[in-house]
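Peer 1: Let me give you the structure first, and then I'll get to my questions.
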Amino acid sequence: MQLRDTQARFLDKFIEENLLPDTPFRLQVRQAIHHICGFLKEECFQGAPHRVRVSKVVKGGSSGKGTTLRGRSDADLVVFLSPLTSFQEQFDRRGEFIQEIKKQLQAFQRETGENFEIRDSGWQNPRVLSFVFSSPMLNDSVEFDVLPAFDVLGQLTGPPDPKIYVQLIDECTRLGKEGEFSPCFTELQRDFLKQRPTKLKSLIRLVKHWYQVCKEKLGKPLPPQYALELLTVYAWERGSNRSEFSTAQGFRTVLELVMNYRMLCIYWSKYYNFENPVIGAYLRKQLQKPRPVILDPADPTGNVAGGHPQSWPRLAQEALAWLSYPCFKNWDGSPVGSWNI
């Protein structure tokens, strides 16, 4: 049964039967990620013309956060490289490192017989290398995005030093590249979601599935999917903040927030706040921007709700239509309520 035809009381069952990855699938994707991580850490830069050390490879995206949808086998891998000492240097040299990774993947393919279908972005200075990995050990192929990054956080043991954000703000402002360096903060983005209740992650999966259904129907432009994930966290924090809650109520609340996009001004103070004068002054400017504003909890320069002016109105119109569907109706036909936020 499609989501739109599923009654509100059966939404948890819909998630379990259609959206949660099954165990064999999870194990296969994990095996593929482990394999590629090993290649990037131990083999990729051995023959590079300049000395390059990989300080760490961090799994980001839905795989890292634990919100993967069934059948969507994709993984973001951020490769932190020791030669990079600033955001500026990452911007200037990332194309060079992507070319090296690409060259080594092609050599690895010739040696092992594994298949890497590399997708050319067409950009002169790409920020990401995308490829599809398939191997005899996998039933399905796995899509990878590999991003070289400046290891600004190092071996993180507590909250990031405010100096990190001062440097980020200074370089982003100078380069005019706000939000460009969010991969450097992948660990914080992952940790922001990782310890959340299982049911909240299921609600995020449901919202992501709804977003994909809308995307198939409407095409582009739409707001970034990450904005919808953060909106779901915000709705839950303000409306429930419990490990057990009504999925239908949470889902309806998120769609109502989408409809009220002109009022959205959301940020979190888990990793940065107003105490440092440079960060505080910058945050005030960010929060004064035209709505909607949803700041990346790990990167104050990233307004993930920004983009094409027509993206939110298009999704809001679709959200309004969905509120009349069975997934927002109680067993007696009355409408499901939303959380008071």
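Chain labels A, B, ... are given in the sequence in which chains occur in the structure tokens; within each chain residues are numbered consecutively from 1, and ligands are likewise numbered from 1 in the order shown.
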Can you tell me, as a list of chain:residue names, what residues are no more than 12 Å from Glu89 in chain A when counting only C-alpha atoms, ignoring any on the same chain fewer than 6 positions away?
Peer 2: A:Leu81, A:Ser82, A:Pro83, A:Gly95, A:Glu96, A:Phe97, A:Pro148, A:Ala149, A:Phe150, A:Asp151, A:Val152, A:Glu171, A:Leu175, A:Phe181
Peer 1: Can you list, as a ChimeraX atom specification, all residues belonging to range 89-297 of chain A that DSSP tags as helix (DSSP H, G or I)?
Peer 2: /A:89-112,162-175,182-194,198-218,225-239,247-259,261-263,277-287
Peer 1: Could you list, as a ChimeraX atom specification, every residue within 12 Å of Phe116 in chain A, counting only C-alpha atoms and ignoring same-chain residues fewer than 3 positions away?
Peer 2: /A:36,101-110,112-113,119,129-135,141-144
Peer 1: Could you check which of A:Ser311, A:Asn139, A:Thr23, A:Asn273 is closest to Ala227 in chain A, using only C-alpha atoms?
Peer 2: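 Looking only at the distances to Ala227 in chain A, the closest residue turns out to be A:Ser311.
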Peer 1: For range 293-300 of chain A, find every residue with an atom within 9 Å (counting only C-alpha atoms), except residues of its own chain fewer than 3 positions away, and show them as a PyMOL selection string.
Peer 2: chain A and resi 165+168-169+178-179+181-182+185-189+192+226-227+230-231+261-272+279+282-283+286-290+303-306
Peer 1: Write the selection just made, keeping C-alpha atoms, as an mmCIF file, in the first residue's frame?
Peer 2:
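Printed below is selection_9.cif as written:
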```cif
data_model
loop_
_atom_site.group_PDB
_atom_site.id
_atom_site.type_symbol
_atom_site.label_atom_id
_atom_site.label_comp_id
_atom_site.auth_asym_id
_atom_site.auth_seq_id
_atom_site.Cartn_x
_atom_site.Cartn_y
_atom_site.Cartn_z
ATOM 1 C CA TYR A 165 34.024 28.685 14.108
ATOM 2 C CA LEU A 168 35.277 29.248 9.524
ATOM 3 C CA ILE A 169 33.309 32.519 9.582
ATOM 4 C CA GLU A 178 28.951 30.089 3.223
ATOM 5 C CA GLY A 179 27.918 26.474 3.852
ATOM 6 C CA PHE A 181 32.668 23.555 4.207
ATOM 7 C CA SER A 182 29.956 21.605 6.031
ATOM 8 C CA PHE A 185 31.773 19.083 10.453
ATOM 9 C CA THR A 186 30.358 15.692 9.406
ATOM 10 C CA GLU A 187 31.136 14.121 12.798
ATOM 11 C CA LEU A 188 29.072 16.781 14.585
ATOM 12 C CA GLN A 189 26.180 16.427 12.107
ATOM 13 C CA PHE A 192 23.566 15.471 16.509
ATOM 14 C CA TYR A 226 18.546 17.786 5.005
ATOM 15 C CA ALA A 227 16.304 20.784 5.799
ATOM 16 C CA LEU A 230 16.281 19.051 10.741
ATOM 17 C CA LEU A 231 12.675 20.283 10.660
ATOM 18 C CA TYR A 261 7.842 28.083 5.913
ATOM 19 C CA ARG A 262 7.633 31.914 5.964
ATOM 20 C CA MET A 263 7.819 31.796 9.781
ATOM 21 C CA LEU A 264 10.749 29.383 10.153
ATOM 22 C CA CYS A 265 13.807 30.695 11.993
ATOM 23 C CA ILE A 266 15.535 27.705 13.607
ATOM 24 C CA TYR A 267 18.988 27.140 15.074
ATOM 25 C CA TRP A 268 20.587 25.011 17.797
ATOM 26 C CA SER A 269 23.225 26.045 20.353
ATOM 27 C CA LYS A 270 24.717 22.573 20.954
ATOM 28 C CA TYR A 271 28.016 23.296 19.176
ATOM 29 C CA TYR A 272 28.079 27.101 18.803
ATOM 30 C CA ILE A 279 30.236 34.112 16.401
ATOM 31 C CA TYR A 282 27.585 36.535 12.741
ATOM 32 C CA LEU A 283 24.638 34.510 14.106
ATOM 33 C CA GLN A 286 22.213 34.910 9.822
ATOM 34 C CA LEU A 287 18.984 34.989 11.826
ATOM 35 C CA GLN A 288 17.967 38.323 10.268
ATOM 36 C CA LYS A 289 17.974 36.834 6.769
ATOM 37 C CA PRO A 290 14.657 36.351 4.913
ATOM 38 C CA ASN A 303 21.368 27.995 6.045
ATOM 39 C CA VAL A 304 20.048 24.662 4.774
ATOM 40 C CA ALA A 305 16.623 26.200 4.074
ATOM 41 C CA GLY A 306 18.080 28.604 1.500
#
```
Peer 1: Report as number ranges by chain all protein, DNA and RNA residues lying within 8 Å of Leu206 in chain A, evaluated on only C-alpha atoms, omitting residues in the same chain fewer than 3 positions from it.
Peer 2: A: 15, 19, 202-203, 209-210, 251
Peer 1: Write the residues you've just listed into a file as a PDB file, in the first residue's frame, and include all heavy atoms for each of them.
Peer 2:
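And here's selection-v6.pdb as it stands now:
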```pdb
ATOM      1  N   ILE A  15       6.229   1.940   8.098  1.00  0.00           N
ATOM      2  CA  ILE A  15       7.673   2.206   8.221  1.00  0.00           C
ATOM      3  C   ILE A  15       8.433   0.894   8.349  1.00  0.00           C
ATOM      4  O   ILE A  15       9.431   0.661   7.661  1.00  0.00           O
ATOM      5  CB  ILE A  15       7.959   3.127   9.431  1.00  0.00           C
ATOM      6  CG1 ILE A  15       7.365   4.516   9.196  1.00  0.00           C
ATOM      7  CG2 ILE A  15       9.463   3.228   9.698  1.00  0.00           C
ATOM      8  CD1 ILE A  15       7.331   5.395  10.434  1.00  0.00           C
ATOM      9  N   LEU A  19      10.187   0.843   4.938  1.00  0.00           N
ATOM     10  CA  LEU A  19      11.260   1.843   4.982  1.00  0.00           C
ATOM     11  C   LEU A  19      12.500   1.409   5.754  1.00  0.00           C
ATOM     12  O   LEU A  19      13.607   1.877   5.456  1.00  0.00           O
ATOM     13  CB  LEU A  19      10.734   3.166   5.585  1.00  0.00           C
ATOM     14  CG  LEU A  19       9.477   3.761   4.932  1.00  0.00           C
ATOM     15  CD1 LEU A  19       9.152   5.113   5.552  1.00  0.00           C
ATOM     16  CD2 LEU A  19       9.653   3.909   3.423  1.00  0.00           C
ATOM     17  N   SER A 202      12.786   6.806  12.880  1.00  0.00           N
ATOM     18  CA  SER A 202      11.747   6.238  12.008  1.00  0.00           C
ATOM     19  C   SER A 202      10.878   7.348  11.416  1.00  0.00           C
ATOM     20  O   SER A 202      10.497   7.287  10.244  1.00  0.00           O
ATOM     21  CB  SER A 202      10.874   5.257  12.796  1.00  0.00           C
ATOM     22  OG  SER A 202      11.600   4.085  13.084  1.00  0.00           O
ATOM     23  N   LEU A 203      10.561   8.363  12.239  1.00  0.00           N
ATOM     24  CA  LEU A 203       9.780   9.503  11.724  1.00  0.00           C
ATOM     25  C   LEU A 203      10.573  10.243  10.644  1.00  0.00           C
ATOM     26  O   LEU A 203      10.007  10.656   9.620  1.00  0.00           O
ATOM     27  CB  LEU A 203       9.417  10.450  12.877  1.00  0.00           C
ATOM     28  CG  LEU A 203       8.638  11.722  12.486  1.00  0.00           C
ATOM     29  CD1 LEU A 203       7.311  11.376  11.821  1.00  0.00           C
ATOM     30  CD2 LEU A 203       8.402  12.612  13.718  1.00  0.00           C
ATOM     31  N   HIS A 209      10.857   9.670   3.004  1.00  0.00           N
ATOM     32  CA  HIS A 209      10.100   8.925   1.992  1.00  0.00           C
ATOM     33  C   HIS A 209       9.044   9.836   1.358  1.00  0.00           C
ATOM     34  O   HIS A 209       8.890   9.851   0.126  1.00  0.00           O
ATOM     35  CB  HIS A 209       9.437   7.699   2.631  1.00  0.00           C
ATOM     36  CG  HIS A 209       8.551   6.945   1.694  1.00  0.00           C
ATOM     37  ND1 HIS A 209       9.038   6.157   0.669  1.00  0.00           N
ATOM     38  CD2 HIS A 209       7.190   6.868   1.617  1.00  0.00           C
ATOM     39  CE1 HIS A 209       8.024   5.631   0.003  1.00  0.00           C
ATOM     40  NE2 HIS A 209       6.894   6.049   0.563  1.00  0.00           N
ATOM     41  N   TRP A 210       8.341  10.602   2.201  1.00  0.00           N
ATOM     42  CA  TRP A 210       7.352  11.556   1.687  1.00  0.00           C
ATOM     43  C   TRP A 210       8.014  12.555   0.742  1.00  0.00           C
ATOM     44  O   TRP A 210       7.494  12.854  -0.339  1.00  0.00           O
ATOM     45  CB  TRP A 210       6.693  12.294   2.864  1.00  0.00           C
ATOM     46  CG  TRP A 210       5.792  13.421   2.426  1.00  0.00           C
ATOM     47  CD1 TRP A 210       4.551  13.305   1.899  1.00  0.00           C
ATOM     48  CD2 TRP A 210       6.101  14.821   2.452  1.00  0.00           C
ATOM     49  NE1 TRP A 210       4.048  14.557   1.597  1.00  0.00           N
ATOM     50  CE2 TRP A 210       4.974  15.502   1.936  1.00  0.00           C
ATOM     51  CE3 TRP A 210       7.194  15.570   2.882  1.00  0.00           C
ATOM     52  CZ2 TRP A 210       4.917  16.892   1.817  1.00  0.00           C
ATOM     53  CZ3 TRP A 210       7.151  16.955   2.769  1.00  0.00           C
ATOM     54  CH2 TRP A 210       6.038  17.605   2.241  1.00  0.00           C
ATOM     55  N   PHE A 251       4.243  13.457  12.024  1.00  0.00           N
ATOM     56  CA  PHE A 251       4.258  13.629  10.568  1.00  0.00           C
ATOM     57  C   PHE A 251       3.436  14.860  10.178  1.00  0.00           C
ATOM     58  O   PHE A 251       3.874  15.701   9.385  1.00  0.00           O
ATOM     59  CB  PHE A 251       3.713  12.350   9.921  1.00  0.00           C
ATOM     60  CG  PHE A 251       3.842  12.278   8.424  1.00  0.00           C
ATOM     61  CD1 PHE A 251       4.767  13.030   7.728  1.00  0.00           C
ATOM     62  CD2 PHE A 251       3.016  11.394   7.710  1.00  0.00           C
ATOM     63  CE1 PHE A 251       4.878  12.932   6.335  1.00  0.00           C
ATOM     64  CE2 PHE A 251       3.124  11.297   6.316  1.00  0.00           C
ATOM     65  CZ  PHE A 251       4.053  12.068   5.639  1.00  0.00           C
TER      66      PHE A 251
END
```
Peer 1: If we count only C-alpha atoms, what is near Phe328 in chain A at a cut-off of 10 Å, once residues fewer than 2 positions away on the same chain are taken out, given as a list of chain:residue names?
Peer 2: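 The neighbour list is A:Arg4, A:Asp5, A:Thr6, A:Gln7, A:Ala8, A:Arg9, A:Leu11, A:Ala248, A:Gln249, A:Phe251, A:Arg252, A:Trp322, A:Leu323, A:Ser324, A:Tyr325, A:Pro326, A:Asn330, A:Trp331, A:Gly333, A:Ser334, A:Pro335, A:Val336, A:Gly337, A:Ser338.
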Peer 1: Find the residue from A:Val58, A:Asp12, A:Gln212, A:Pro223 that sits nearest to Thr198 in chain A; use only C-alpha atoms when measuring.
Peer 2: A:Asp12
Peer 1: Write down as a list in words the residues of range 134-290 of chain A whose backbone DSSP state falls under strand (DSSP E).
Peer 2: Ser134, Val142, Glu143, Phe144, Asp145, Val146, Leu147, Pro148, Ala149, Phe150, Cys265 and Ile266 of chain A
Peer 1: Find, counting only C-alpha atoms, the residue in A:Leu3, A:Leu315, A:Val52, A:Leu147 that gets nearest to Lys220 in chain A.
Peer 2: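 Closest candidate: A:Leu315.
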Peer 1: Rank nothing, just name the residue among A:Ile98, A:Val146, A:Ile341, A:Leu255 nearest to Trp236 in chain A, using only C-alpha atoms.
Peer 2: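 Looking at the shortest contact to Trp236 in chain A, the residue is A:Ile341.
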Peer 1: A:Gly280, A:Ala319, A:Leu20, A:Pro126: which is nearest Arg93 in chain A, counting only C-alpha atoms?
Peer 2: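 Among the listed residues, A:Pro126 lies closest to Arg93 in chain A.
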Peer 1: Which residue gives the smallest distance to Trp123 in chain A among A:Ile204, A:Gln99, A:Lys56, A:Gly66, with only C-alpha atoms counted?
Peer 2: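 Counting only C-alpha atoms, the residue closest to Trp123 in chain A is A:Gln99.
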Peer 1: Would you mind listing what lies within 10 Å of Lys208 in chain A as a list in words, with only C-alpha atoms counted and same-chain residues fewer than 6 positions away left out?
Peer 2: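 Listing them by chain and then by number gives Leu19, Thr67, Thr68, Leu69, Ser202, Cys214, Gln225, Tyr226, Leu228, Glu229 and Thr232 of chain A.
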Peer 1: CA of Glu244 in chain A and CA of Pro197 in chain A, how far apart in Å?
Peer 2: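 Between these atoms lies a distance of 8.5 Å.
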